[in-house]
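Chemist: Questions regarding the structure given below will be posed in turn.
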Amino acid sequence: MTVARVIVDVPSRDTDRTFDYLIPDRLKGWVEIGSRVAVPFGPRKLQGIVTGLADDADVEYTKLKPIDDLLDAIPPLSKELITLGEWISKRWLCPLTIVLQAMLPAALKGRSEKYVFPAEGAQWSDEETAQSGGLLLAFKKGEPLKLTWLLQQFPEQGDLLKRWLRQGRLEERQKVEDRLSVKTVQTVFPSEPAMLLQAIEQLPVRAHKQREVLLYLAEHNEPLAVLKLTEAVATTSSTIRSLAERGWIEIRSITEDRDPYANRDFPATAPMKLTPAQSDVLTPIQSALDQGGNETFLLHGVTGSGKTEVYLQAIQRCLELGREAIVLVPEIALTPQMVERFKSRFGARVAVLHSRLSQGERYDEWRKIREGRAQVAVGARSAIFAPFASIGLIVIDEEHETSYKQEESPKYHARDVAVERARLHGAVVVLGSATPALETYEAAAHGGHETGLGDTIYLSLPERVANRPLPGVSIVDMREELKLGNRAMFSRPLADAIRDRLEKQEQMVLLLNRRGYATFVMCRSCGYTAACPHCEISLTHHKGSQNLRCHYCGYAEVEPKTCPSCESPHIRFFGTGTQKVEESLAETFPGIRVIRMDVDTTTEKGSHEKWLTEFRERRADVLLGTQMVAKGLDFPFVTLVGVLAADAALRLPDFRASERTFQLLTQVAGRAGRHELPGEVIIQTYDPEHESITSVQGHDYNGFVERALVLRKQLGYPPYGRLISITFSHESVPMLLSTGERFASGMREKAAALGIRNDFDRGERTALEVLGPVSSPIARLKDRYRFQCMVKYRGDVDASLLVSQALEEMGEAVKRNGVLVSVDVDPQMML
């Protein structure tokens with residue numbers, strides 16, 4: 001007998017290993033590595049994923065339980081994705097089942113029943129019919145057959161069924177609870193026109209509608225949805241079904257993709273003539289593709305330098321070689337404009353995966369990839385798991401973006417996963433950015449062994465296409481504005497520039513990286529500040545809904561009219577949010593047309609596309625928003641970019657704060673002057689001397705990096721060291737302190753036993769330091785206090801293994817006391 005090694009869907013450290021199950025005779029030939037199965041686990045029946053197979057000689061199988069059911073005819077995960085999942089589980093210290101579940105579309109995770117049926121137009125030879133052992137005869141009745149029934153009735157035909165499913169001659173349909181994961185449409189298949197005309201003669205004289213239907217089908221002799229036929233002939237479905245009962249037409253359910261872009265027309269585009277600089281960077285990428293080598297490139301190109309066209313032509317070469325491509329872009333930059341560029345070049349060969357699609361649409365796009373009907377996947381972070389079999393190229397645009405790091409388990413970074421997946425496929429990785437992350441830049445400049453990226457080849461596009469100038473950048477010191485009596489949120493230079501653009505009928509982008517109306521509410525009599533009762537954070541005022549809201553746990557309360565503490569009427573709303581800016585624009589510039597884009601205005605499906613389309617069609621003068629307006633947008637009439645409160649994020653307790661501020665300001669500045677009209681950028685700040693702001697003024701990435709790297713090296717921070725953040729949470733502060741101290745002392749003992757010292761200051765090649773425990777920057781979330789330990793290390797030390805061992809030794813006590821532990825390897829957010 002054959003044994004399956006199964007990871008069960010229990011996200012716990014205690015069950016983070018494979019369990020052996022017998023494969024019953026009826027499932028032999030069906031169960032493979034990557035198959036989803038239902039298995040008995042204690043008193044429960046759980047879902048699991050097969051990660052390996054073993055012969056009965058390798059295990060003691062007499063007490064093993066058998067697998068109950070197979071959940072998919074074709075395994076949803078490949079051997080390569082299972083291998084990748086095991087690497088992610090070890091790299092980011094999370095249970096393997098959580099990783100594998102993250103690779104699956106949500107539609108596959110519910111309780112389901114699978115059906116199999118012949119595809120439209122599928123044919124089999126007499127020899128195949130004979131080989132099928134009655135299987136094909138079972139399909140002749142025309143109804144889809146349950147997969148579980150097929151497994152029981154035809155246990156010997158597993159290989160045959162899977163082969164026909166992969167060939168597309170059979171199709172698989174899945175019913176998940178109360179919804180269809182695959183959309184089916186009742187479709188009319190007419191007989192030949194001559195037969196239809198003969199049928200008309202047999203109709204009774206009064207059967208006018210049936211005659212019209214047959215005449216229409218004789219004229220339009222092709223399959224047609226029942227609904228569309230009823231509309232075309234102005235009849236009912238019962239009329240059509242009566243014709244099917246007489247055998248003149250056939251009605252079958254066929255699969256129809258829920259295409260989120262079905263109603264969009266994408267005019268085909270041809271490759272553009274490249275500039276000499278673009279040709280210089282494309283040549284080594286194409287050479288690596290031709291040679292089938294595993295290479296990683298950093299494409300450092302200023303905004304508007306034509307990086308996207310380089311991506312498109314590299315993908316074209318990849319497809320010509322018969323291989324597949326994945327393109328990752330930040331979620332907020334995955335605009336309709338970005339999708340259009342790829343759809344226009346590669347048409348139906350593109351599948352799009354992002355969170356604004358419905359669950360069914362995402363599932364259908366995933367199926368297109370798995371079934372080989374798409375060769376290019378464009379999507380956000382999770383698209384790195386697209387089920388391709390032969391990847392040749394992975395592109396990560398705006399590679400510096402923090403959204404590529406998942407903040408919930410599994411806490412993987414898509415950039416690192418891309419490099420590992422490319423290694424498994426022998427593929428090429430292109431990391432593109434105008435402001436590369438310091439870790440990536442250092443990997444390209446001096447080798448990436450400390451960063452984990454490996455060797456990276458540096459490519460540069462230092463100028464915009466057609467030698468268009470980068471926009472001029474002005475910095476306005478808001479302290480001077482206050483001295484001159486200007487208490488408005490718009491400085492005089494910015495207000496004058498807005499009036500100038502309104503007169504010229506040009507467009508503007510205004511960035512404020514803060515949503516809501518005001519950042520906090522305070523009583524001017526007693527000093528009371530409205531705070532979340534469950535988190536240690538101020539509530540944000542939202543004027544439209546007239547409430548105060550916590551952006552961490554979702555708590556909301558009604559906007560106060562008097563102080564809840566002293567009942568004073570002197571309650572005031574301080575700070576500036578996007579809602580307040582929108583209101584101030586209307587007051588200061590009467591008649592101005594503003595589109596506000598933030599989390600509050602883009603929650604409805606399609607709202608993101610609606611707002612951008614309106615702006616592109618020049619039905620608004622200003623696009624105002626948070627960081628979602630800073631990336632991926634290209635509008636020819638935008639000539640002014642204004643940044644309000646540029647230093648808002650500089651004071652966060654995060655060593656990357658200045659780097660992120662520089663990146664965001666550079667990205668939003670790049671929205672101006674991308675076409676014929678020259679651009680201008682005005683940055684308002686209370687800290688005009690800060691290097692992250694002055695560097696933007698001179699478009700000086702290299703200067704900023706040199707200064708930032710000096711400080712990073714002194715402190716041993718990435719890219720000169722690596723970090724692991726361990727956060728403990730509990731209702732009791734003393735419990736957290738004792739748990740954190742026990743962990744920190746355990747880590748220090750393990751490091752000392754291996755001879756690893758805390759020698760960051762003296763420049764030792766291998767070093768490890770444990771910081772904390774200390775209260776987290778946000779000390780309480782959702783009624784639980786939070787304490788943090790930070791492991792800082794470099795060189796030849798497996799810090800992840802040491803952390804895992806230290807937590808394992810504490811495991812029972814931590815679980816017994818109800819302390820929750822969260823581990824983040826290479827964290828991007830320090831809050």
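Each chain in the structure tokens gets a letter, A, B and so on, in the order shown; residues start at 1 in every chain, and ligands are counted from 1 in the order they appear.
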DSSP says strand (DSSP E) for which residues of segment 145-358 of chain A? Put them as a PyMOL selection string?

Modeler: chain A and resi 145-146+170-176+179-180+184-190+224-225+249-255+296-301+324-328+350-353

Chemist: For the selection just defined, write its residues with C-alpha atoms to a file, as an mmCIF file, in the first residue's frame.

Modeler:
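Generated output (again-v8.cif):
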```cif
data_model
loop_
_atom_site.group_PDB
_atom_site.id
_atom_site.type_symbol
_atom_site.label_atom_id
_atom_site.label_comp_id
_atom_site.auth_asym_id
_atom_site.auth_seq_id
_atom_site.Cartn_x
_atom_site.Cartn_y
_atom_site.Cartn_z
ATOM 1 C CA LEU A 145 -21.075 13.538 -12.252
ATOM 2 C CA LYS A 146 -19.888 13.851 -8.662
ATOM 3 C CA LEU A 170 -13.248 17.009 -19.263
ATOM 4 C CA GLU A 171 -14.013 19.972 -17.018
ATOM 5 C CA GLU A 172 -14.228 20.213 -13.252
ATOM 6 C CA ARG A 173 -16.924 22.230 -11.501
ATOM 7 C CA GLN A 174 -16.955 22.972 -7.811
ATOM 8 C CA LYS A 175 -19.935 23.835 -5.657
ATOM 9 C CA VAL A 176 -18.811 25.537 -2.453
ATOM 10 C CA ARG A 179 -22.234 29.469 -4.202
ATOM 11 C CA LEU A 180 -20.673 28.162 -7.389
ATOM 12 C CA THR A 184 -22.009 28.073 -15.390
ATOM 13 C CA VAL A 185 -24.394 29.320 -18.059
ATOM 14 C CA GLN A 186 -27.328 27.440 -19.594
ATOM 15 C CA THR A 187 -26.466 27.430 -23.299
ATOM 16 C CA VAL A 188 -28.394 26.392 -26.435
ATOM 17 C CA PHE A 189 -26.567 24.222 -28.981
ATOM 18 C CA PRO A 190 -28.640 24.226 -32.211
ATOM 19 C CA LEU A 224 -25.984 30.955 -27.467
ATOM 20 C CA ALA A 225 -26.860 31.516 -23.821
ATOM 21 C CA ILE A 249 -31.820 21.806 -29.943
ATOM 22 C CA GLU A 250 -29.666 20.834 -26.960
ATOM 23 C CA ILE A 251 -29.326 22.796 -23.716
ATOM 24 C CA ARG A 252 -26.136 22.287 -21.701
ATOM 25 C CA SER A 253 -24.471 24.021 -18.787
ATOM 26 C CA ILE A 254 -21.101 25.385 -19.838
ATOM 27 C CA THR A 255 -18.393 27.051 -17.774
ATOM 28 C CA THR A 296 18.534 38.938 -10.364
ATOM 29 C CA PHE A 297 18.627 42.502 -11.745
ATOM 30 C CA LEU A 298 17.978 45.818 -10.009
ATOM 31 C CA LEU A 299 16.515 48.254 -12.572
ATOM 32 C CA HIS A 300 17.060 51.677 -11.005
ATOM 33 C CA GLY A 301 15.144 54.145 -13.191
ATOM 34 C CA GLU A 324 5.621 32.276 -18.254
ATOM 35 C CA ALA A 325 5.928 35.588 -16.408
ATOM 36 C CA ILE A 326 4.738 37.077 -13.111
ATOM 37 C CA VAL A 327 4.511 40.852 -12.629
ATOM 38 C CA LEU A 328 4.026 42.181 -9.101
ATOM 39 C CA VAL A 350 -2.904 38.050 -19.048
ATOM 40 C CA ALA A 351 -4.560 37.062 -15.768
ATOM 41 C CA VAL A 352 -5.025 39.735 -13.087
ATOM 42 C CA LEU A 353 -4.985 38.920 -9.367
#
```

Chemist: Residues within 10 Å of segment 94-108 of chain A, please, as a ChimeraX atom specification. Count only C-alpha atoms; anything in the same chain fewer than 5 positions from it doesn't count.

Modeler: /A:6-18,34,36,48-49,71-72,76-77,81-82,84-89,174-176,179-182,359-367,382-387,409-412,804,822-824

Chemist: Smallest atom-to-atom distance to Glu156 of chain A: which of A:Ala199, A:Gly29, A:Ser460, A:Glu222, using only C-alpha atoms?

Modeler: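 Closest to Glu156 of chain A of all the choices is A:Gly29.
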
Chemist: Would you pick out the contacts of Pro718 of chain A at 10 Å or less, using only C-alpha atoms, so that residues sharing its chain but fewer than 4 positions from it are not included, and give the list as a PyMOL selection string?

Modeler: chain A and resi 438-439+442+450-451+655-656+709+712-713+722-723+792-794+826

Chemist: Generate the output file for the selected residues, C-alpha atoms, as a compact mmCIF listing (two decimals), in the first residue's frame.

Modeler:
```txt
# COMPACT_ATOMS: atom_id res chain seq x y z
CA LEU A 438 18.66 50.31 0.79
CA GLU A 439 18.94 46.53 1.18
CA GLU A 442 23.48 47.42 -1.28
CA GLU A 450 24.02 39.86 4.36
CA THR A 451 20.60 40.95 3.06
CA PHE A 655 14.80 53.45 11.65
CA ARG A 656 13.34 53.40 8.11
CA LEU A 709 24.06 53.92 4.93
CA ARG A 712 22.83 52.17 9.33
CA LYS A 713 26.36 50.76 9.45
CA ARG A 722 19.35 41.61 10.09
CA LEU A 723 16.47 41.77 12.55
CA LYS A 792 19.84 41.94 15.81
CA TYR A 793 22.46 39.76 14.10
CA ARG A 794 24.85 39.43 11.20
CA ASP A 826 13.17 40.88 8.68
```

Chemist: Do you know which residues are at most 10 Å from Ser305 of chain A counting only C-alpha atoms, after dropping those on the same chain fewer than 4 positions away, and could you put them as a PyMOL selection string?

Modeler: chain A and resi 275+277-278+300-301+309-310+434+460-468+674

Chemist: Show me, as a list in words, the residues that have an atom within 8 Å of Asn221 of chain A when counting only C-alpha atoms, minus same-chain residues fewer than 6 positions from it.

Modeler: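 Near Asn221 of chain A, the qualifying residues are Pro190, Ser191, Glu192 and Pro193 of chain A.
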
Chemist: Pick out the closest residue to Leu494 of chain A from this set: A:Gly591, A:Gly642, A:Pro144, A:Gly472. Count only C-alpha atoms.

Modeler: A:Gly642

Chemist: Just want the 12 Å neighbourhood of segment 230-232 of chain A, counted on only C-alpha atoms, with same-chain residues fewer than 2 positions away dropped. Output as a PDB file with C-alpha atoms, in the first residue's frame.

Modeler:
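Listed below is the output, part04.pdb:
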```
ATOM      1  CA  GLN A 186     -27.328  27.440 -19.594  1.00  0.00           C
ATOM      2  CA  THR A 187     -26.466  27.430 -23.299  1.00  0.00           C
ATOM      3  CA  VAL A 188     -28.394  26.392 -26.435  1.00  0.00           C
ATOM      4  CA  LYS A 209     -42.579  31.853 -30.915  1.00  0.00           C
ATOM      5  CA  GLN A 210     -41.081  28.409 -31.430  1.00  0.00           C
ATOM      6  CA  GLU A 212     -39.114  32.464 -34.463  1.00  0.00           C
ATOM      7  CA  VAL A 213     -36.595  30.724 -32.226  1.00  0.00           C
ATOM      8  CA  LEU A 215     -35.511  30.676 -37.620  1.00  0.00           C
ATOM      9  CA  TYR A 216     -33.167  32.766 -35.486  1.00  0.00           C
ATOM     10  CA  LEU A 217     -30.984  29.725 -34.707  1.00  0.00           C
ATOM     11  CA  HIS A 220     -27.247  32.405 -36.232  1.00  0.00           C
ATOM     12  CA  LEU A 224     -25.984  30.955 -27.467  1.00  0.00           C
ATOM     13  CA  ALA A 225     -26.860  31.516 -23.821  1.00  0.00           C
ATOM     14  CA  VAL A 226     -30.533  30.807 -23.053  1.00  0.00           C
ATOM     15  CA  LEU A 227     -30.897  34.262 -21.500  1.00  0.00           C
ATOM     16  CA  LYS A 228     -29.507  36.008 -24.588  1.00  0.00           C
ATOM     17  CA  ALA A 234     -38.560  38.220 -27.033  1.00  0.00           C
ATOM     18  CA  THR A 235     -39.704  34.870 -25.696  1.00  0.00           C
ATOM     19  CA  THR A 236     -39.504  32.761 -22.532  1.00  0.00           C
ATOM     20  CA  SER A 237     -37.144  30.007 -21.434  1.00  0.00           C
ATOM     21  CA  SER A 238     -40.054  27.526 -21.376  1.00  0.00           C
ATOM     22  CA  THR A 239     -40.484  28.008 -25.146  1.00  0.00           C
ATOM     23  CA  ILE A 240     -36.820  27.152 -25.669  1.00  0.00           C
ATOM     24  CA  ARG A 241     -36.964  24.146 -23.359  1.00  0.00           C
TER      25      ARG A 241
END
```

Chemist: Report, in Å with one decimal, the straight-line distance from atom CA of Val770 of chain A to atom CA of Ser800 of chain A.

Modeler: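 Atom CA of Ser800 of chain A lies 12.9 Å from atom CA of Val770 of chain A.
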
Chemist: Neighbours of Gln667 of chain A within 12 Å (only C-alpha atoms; same-chain residues fewer than 6 positions away dropped), as JSON, numbers by chain?

Modeler: {"A": [301, 302, 303, 304, 333, 398, 400, 401, 433, 434, 435, 436, 470, 471, 509, 511, 627, 628, 629, 630, 631, 632, 633, 634, 641, 643, 660, 661, 681, 696, 699, 701]}

Chemist: List every residue of segment 587-785 of chain A that DSSP, applied to the backbone, labels as alpha helix (DSSP H), and write the result as JSON, numbers by chain.

Modeler: {"A": [587, 588, 607, 608, 609, 610, 611, 612, 613, 614, 615, 616, 657, 658, 659, 660, 661, 662, 663, 664, 665, 666, 667, 668, 669, 691, 692, 693, 694, 695, 696, 697, 701, 702, 703, 704, 705, 706, 707, 708, 709, 710, 711, 712, 713, 714, 715, 733, 734, 735, 736, 737, 738, 739, 740, 741, 742, 743, 744, 745, 746, 747, 748, 749, 750, 751, 752, 753]}

Chemist: Any idea what the distance is between atom CA of Val378 of chain A and atom CA of Ser355 of chain A?

Modeler: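 According to the coordinates, atom CA of Val378 of chain A and atom CA of Ser355 of chain A are separated by 12.2 Å.
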
Chemist: Ranking A:Met338, A:Asn294, A:Arg499, A:Leu321 by minimum distance to Thr308 of chain A and counting only C-alpha atoms, which one comes first?

Modeler: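 Of A:Met338, A:Asn294, A:Arg499, A:Leu321, the one nearest Thr308 of chain A is A:Met338, counting only C-alpha atoms.
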
Chemist: Please, what distance in Å, to one decimal, runs between atom CA of Ile693 of chain A and atom CA of Arg671 of chain A?

Modeler: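 One can read the atom CA of Ile693 of chain A to atom CA of Arg671 of chain A distance as 16.9 Å.
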
Chemist: I'd like to know which of A:Thr83, A:Gln131, A:Ser358, A:Gln152 is closest to Glu604 of chain A, using only C-alpha atoms.

Modeler: A:Ser358

Chemist: Of the residues A:Leu229, A:Val430, A:Ala752, A:Val116, which is the one nearest to Leu312 of chain A, using only C-alpha atoms?

Modeler: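 Closest to Leu312 of chain A, using only C-alpha atoms: A:Val430.
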